[in-house]
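Everything below belongs to coords_9.pdb, which stores PDB, C-alpha atoms.
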ATOM      1  CA  MET A  23       0.000   0.000   0.000
ATOM      2  CA  SER A  24       1.185   3.481  -0.836
ATOM      3  CA  SER A  25       2.322   5.778   1.947
ATOM      4  CA  THR A  26       1.859   8.853  -0.232
ATOM      5  CA  ILE A  27      -0.611  11.530   0.768
ATOM      6  CA  TYR A  28      -1.855  13.879  -1.929
ATOM      7  CA  ILE A  29      -2.281  17.408  -0.587
ATOM      8  CA  LEU A  30      -4.468  19.216  -3.079
ATOM      9  CA  ASN A  31      -4.958  22.977  -3.032
ATOM     10  CA  GLY A  32      -7.516  24.948  -4.973
ATOM     11  CA  PRO A  33      -7.720  28.403  -6.491
ATOM     12  CA  ASN A  34      -5.652  31.326  -5.279
ATOM     13  CA  LEU A  35      -3.627  29.255  -2.829
ATOM     14  CA  ASN A  36      -0.630  29.829  -5.095
ATOM     15  CA  LEU A  37      -0.765  33.353  -3.636
ATOM     16  CA  LEU A  38      -0.596  32.145  -0.045
ATOM     17  CA  GLY A  39       1.607  34.493   1.970
ATOM     18  CA  LYS A  40       0.871  37.393  -0.385
ATOM     19  CA  ARG A  41      -2.928  37.471  -0.638
ATOM     20  CA  GLU A  42      -4.863  38.818   2.351
ATOM     21  CA  PRO A  43      -2.242  37.953   4.979
ATOM     22  CA  GLU A  44      -4.602  39.245   7.673
ATOM     23  CA  ILE A  45      -6.824  36.233   6.865
ATOM     24  CA  TYR A  46      -4.375  33.634   5.528
ATOM     25  CA  GLY A  47      -1.087  34.572   7.211
ATOM     26  CA  HIS A  48       2.386  35.038   5.784
ATOM     27  CA  ASP A  49       3.416  31.427   5.194
ATOM     28  CA  THR A  50       3.614  30.323   1.573
ATOM     29  CA  LEU A  51       2.481  27.080  -0.026
ATOM     30  CA  ALA A  52       6.165  26.077  -0.145
ATOM     31  CA  ASP A  53       6.245  26.532   3.648
ATOM     32  CA  VAL A  54       3.177  24.281   3.941
ATOM     33  CA  GLU A  55       4.868  21.629   1.809
ATOM     34  CA  THR A  56       8.027  21.755   3.929
ATOM     35  CA  ALA A  57       6.045  21.460   7.164
ATOM     36  CA  CYS A  58       3.960  18.553   5.861
ATOM     37  CA  ALA A  59       7.015  16.732   4.527
ATOM     38  CA  SER A  60       8.674  17.134   7.931
ATOM     39  CA  VAL A  61       5.638  15.710   9.741
ATOM     40  CA  GLY A  62       5.370  12.974   7.137
ATOM     41  CA  GLU A  63       8.987  11.951   7.635
ATOM     42  CA  LYS A  64       8.329  11.465  11.365
ATOM     43  CA  ILE A  65       5.191   9.377  10.833
ATOM     44  CA  GLY A  66       6.191   7.412   7.747
ATOM     45  CA  LEU A  67       4.160   9.247   5.098
ATOM     46  CA  THR A  68       5.345  10.994   1.965
ATOM     47  CA  VAL A  69       3.712  14.091   0.552
ATOM     48  CA  LYS A  70       2.765  15.114  -2.944
ATOM     49  CA  LEU A  71       1.536  18.709  -2.743
ATOM     50  CA  LEU A  72      -0.266  20.126  -5.771
ATOM     51  CA  GLN A  73      -2.098  23.385  -6.448
ATOM     52  CA  SER A  74      -4.332  24.455  -9.292
ATOM     53  CA  ASN A  75      -6.680  27.289 -10.083
ATOM     54  CA  HIS A  76      -8.570  24.923 -12.406
ATOM     55  CA  GLU A  77     -11.325  22.635 -11.189
ATOM     56  CA  GLY A  78     -10.755  19.977 -13.847
ATOM     57  CA  GLU A  79      -7.092  19.644 -12.958
ATOM     58  CA  LEU A  80      -8.022  19.028  -9.321
ATOM     59  CA  VAL A  81     -10.497  16.357 -10.473
ATOM     60  CA  ASP A  82      -7.751  14.743 -12.580
ATOM     61  CA  TRP A  83      -5.392  14.643  -9.579
ATOM     62  CA  ILE A  84      -8.092  13.023  -7.443
ATOM     63  CA  HIS A  85      -8.472  10.362 -10.150
ATOM     64  CA  GLU A  86      -4.683   9.903 -10.204
ATOM     65  CA  ALA A  87      -4.684   9.524  -6.416
ATOM     66  CA  ARG A  88      -6.919   6.446  -6.766
ATOM     67  CA  ASP A  89      -3.857   4.509  -7.964
ATOM     68  CA  HIS A  90      -1.041   6.356  -6.200
ATOM     69  CA  ALA A  91      -2.162   7.667  -2.801
ATOM     70  CA  ALA A  92      -3.195   6.254   0.539
ATOM     71  CA  GLY A  93      -5.127   9.413   1.413
ATOM     72  CA  ILE A  94      -6.042  12.896   0.286
ATOM     73  CA  ILE A  95      -5.830  16.148   2.203
ATOM     74  CA  ILE A  96      -7.672  18.822   0.267
ATOM     75  CA  ASN A  97      -8.099  22.550   0.640
ATOM     76  CA  PRO A  98     -10.542  23.134  -2.196
ATOM     77  CA  ALA A  99     -10.663  26.871  -1.380
ATOM     78  CA  ALA A 100     -13.604  28.523  -3.170
ATOM     79  CA  TYR A 101     -14.466  25.234  -4.882
ATOM     80  CA  SER A 102     -15.583  23.970  -1.453
ATOM     81  CA  HIS A 103     -18.764  25.942  -1.869
ATOM     82  CA  THR A 104     -19.450  25.307  -5.543
ATOM     83  CA  SER A 105     -17.968  22.082  -6.864
ATOM     84  CA  VAL A 106     -20.112  19.002  -7.111
ATOM     85  CA  ALA A 107     -17.498  17.752  -9.615
ATOM     86  CA  ILE A 108     -14.808  17.663  -6.928
ATOM     87  CA  LEU A 109     -17.218  15.948  -4.527
ATOM     88  CA  ASP A 110     -18.075  13.345  -7.168
ATOM     89  CA  ALA A 111     -14.378  12.720  -7.851
ATOM     90  CA  LEU A 112     -13.629  12.345  -4.133
ATOM     91  CA  ASN A 113     -16.459   9.817  -3.900
ATOM     92  CA  THR A 114     -14.511   7.593  -6.331
ATOM     93  CA  PHE A 115     -11.481   7.553  -3.996
ATOM     94  CA  ASP A 116     -11.394   4.653  -1.529
ATOM     95  CA  GLY A 117      -8.967   6.075   1.042
ATOM     96  CA  PRO A 118      -9.510   8.688   3.722
ATOM     97  CA  VAL A 119     -10.102  12.316   2.781
ATOM     98  CA  LEU A 120      -9.512  15.271   5.089
ATOM     99  CA  GLU A 121     -10.635  18.802   4.297
ATOM    100  CA  VAL A 122      -8.516  21.763   5.422
ATOM    101  CA  HIS A 123      -9.335  25.463   5.496
ATOM    102  CA  ILE A 124      -6.790  28.006   6.671
ATOM    103  CA  SER A 125      -9.455  30.419   7.885
ATOM    104  CA  ASN A 126     -12.514  29.546   9.928
ATOM    105  CA  ILE A 127     -15.053  29.431   7.106
ATOM    106  CA  HIS A 128     -17.887  29.463   9.668
ATOM    107  CA  LYS A 129     -16.924  32.959  10.838
ATOM    108  CA  ARG A 130     -16.869  34.360   7.329
ATOM    109  CA  GLU A 131     -19.507  35.199   4.730
ATOM    110  CA  THR A 132     -22.621  33.015   4.855
ATOM    111  CA  PHE A 133     -21.964  31.451   1.441
ATOM    112  CA  ARG A 134     -18.720  29.990   2.838
ATOM    113  CA  HIS A 135     -20.520  28.056   5.583
ATOM    114  CA  HIS A 136     -21.448  25.158   3.299
ATOM    115  CA  SER A 137     -18.860  22.856   1.733
ATOM    116  CA  TYR A 138     -19.770  20.127  -0.731
ATOM    117  CA  VAL A 139     -16.448  18.431   0.042
ATOM    118  CA  SER A 140     -17.405  18.013   3.703
ATOM    119  CA  ALA A 141     -19.989  15.419   2.662
ATOM    120  CA  ARG A 142     -17.094  13.107   1.707
ATOM    121  CA  ALA A 143     -14.421  14.098   4.226
ATOM    122  CA  GLU A 144     -13.705  12.027   7.314
ATOM    123  CA  GLY A 145     -12.930  15.300   9.052
ATOM    124  CA  VAL A 146     -12.657  19.040   8.524
ATOM    125  CA  ILE A 147      -9.964  21.266  10.007
ATOM    126  CA  ALA A 148     -10.733  24.979   9.789
ATOM    127  CA  GLY A 149      -9.360  28.108  11.388
ATOM    128  CA  PHE A 150      -5.939  26.855  12.500
ATOM    129  CA  GLY A 151      -4.010  28.710   9.807
ATOM    130  CA  VAL A 152      -1.511  26.685   7.813
ATOM    131  CA  GLU A 153      -0.908  24.575  10.933
ATOM    132  CA  GLY A 154      -4.130  22.806   9.921
ATOM    133  CA  TYR A 155      -2.218  20.941   7.225
ATOM    134  CA  ALA A 156       0.198  19.428   9.773
ATOM    135  CA  LEU A 157      -2.751  18.517  11.982
ATOM    136  CA  ALA A 158      -4.347  16.813   8.995
ATOM    137  CA  MET A 159      -1.149  14.850   8.358
ATOM    138  CA  ARG A 160      -1.188  13.555  11.935
ATOM    139  CA  ARG A 161      -4.866  12.636  11.692
ATOM    140  CA  MET A 162      -4.256  10.927   8.356
ATOM    141  CA  SER A 163      -1.618   8.759  10.003
ATOM    142  CA  THR A 164      -4.171   7.685  12.620
ATOM    143  CA  LEU A 165      -6.834   6.970  10.002
ATOM    144  CA  LEU A 166      -4.408   4.843   7.993
ATOM    145  CA  GLY A 167      -3.407   2.887  11.101
TER     146      GLY A 167
END
Write the structure described by the file as structure tokens, please.
Amino acid sequence: MSSTIYILNGPNLNLLGKREPEIYGHDTLADVETACASVGEKIGLTVKLLQSNHEGELVDWIHEARDHAAGIIINPAAYSHTSVAILDALNTFDGPVLEVHISNIHKRETFRHHSYVSARAEGVIAGFGVEGYALAMRRMSTLLG
């Protein structure tokens, strides 16, 4: 069985550290990858971190994960609230799925309170900043046994 965890990031997360740092902080996606790889090394998991601003590419990576990943950690960003396609793709994946949001989506605009992805996720981590990714890695390790 694979020990690879796909960490998928949706639109605008390529600007992490630059875009609205008062909401998302100053850490970059490269910082997230480094932190997750470090946690993964300690718990025996490898990380493949990917980011796209395109819904179809995220769907393609979820399909790829079916054959190459033990689990998926996903921050679908704005697609959380709009993408049935991402939900449908996640429903084809047999391993655990964890949803991460850097901000607390429940304290933000009303439209952000609902996530389609949450219907598939074993758990949702929101409002812990980029530290949520490392928390998700630790939880993934537990879910995978």
Using the chain letters and numbers from this file, what does the PyMOL selection byres ((chain A and resi 166) around 9) select? Give the answer as a list in words.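 With the PyMOL selection byres ((chain A and resi 166) around 9) on this model, the match is Ala92, Gly93, Gly117, Pro118, Arg161, Met162, Ser163, Thr164, Leu165 and Gly167 of chain A.
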Reference answer for the PyMOL selection byres ((chain A and resi 120) around 12), as a ChimeraX atom specification: /A:27-30,92-98,112,117-119,121-123,139-148,154-166
Using the file's own x, y and z axes, so that the box edges lie along x, y and z, what centre and edge lengths in Å (one decimal) does a box around every listed atom of segment 142-161 of chain A get when 3 Å is added on each side? Give it as JSON.
{"center_x": -8.4, "center_y": 20.4, "center_z": 7.1, "size_x": 23.3, "size_y": 22.7, "size_z": 16.8}
Figure out the distance between atom CA of His136 of chain A and atom CA of Gln73 of chain A, please, to one decimal in Å.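 Atom-to-atom, atom CA of Gln73 of chain A and atom CA of His136 of chain A are spaced 21.7 Å apart.
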With the file shown as input, list the residues that the PyMOL selection byres ((chain A and resi 104) around 12) selects, as a ChimeraX atom specification. /A:32,77,98-103,105-109,133-140
Extract, using all atoms listed in the file, all DNA, RNA and protein residues at most 10 Å from Leu37 of chain A, discarding same-chain residues fewer than 3 positions from it, and format them as a list of chain:residue names. A:Pro33, A:Asn34, A:Lys40, A:Arg41, A:Glu42, A:Pro43, A:Tyr46, A:Asp49, A:Thr50, A:Leu51
Selected residues written out, C-alpha atoms, as a compact mmCIF listing (two decimals), in the frame of the given file:
# COMPACT_ATOMS: atom_id res chain seq x y z
CA PRO A 33 -7.72 28.40 -6.49
CA ASN A 34 -5.65 31.33 -5.28
CA LYS A 40 0.87 37.39 -0.38
CA ARG A 41 -2.93 37.47 -0.64
CA GLU A 42 -4.86 38.82 2.35
CA PRO A 43 -2.24 37.95 4.98
CA TYR A 46 -4.38 33.63 5.53
CA ASP A 49 3.42 31.43 5.19
CA THR A 50 3.61 30.32 1.57
CA LEU A 51 2.48 27.08 -0.03
Kindly give the distance, in Å, that separates atom CA of His128 of chain A and atom CA of Leu80 of chain A, rounded to a single decimal.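 Atom CA of His128 of chain A sits 23.8 Å away from atom CA of Leu80 of chain A.
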In Å, with one decimal, what is the gap from atom CA of Gly62 of chain A to atom CA of Glu44 of chain A?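 Computing the Euclidean distance for atom CA of Gly62 of chain A and atom CA of Glu44 of chain A yields 28.1 Å.
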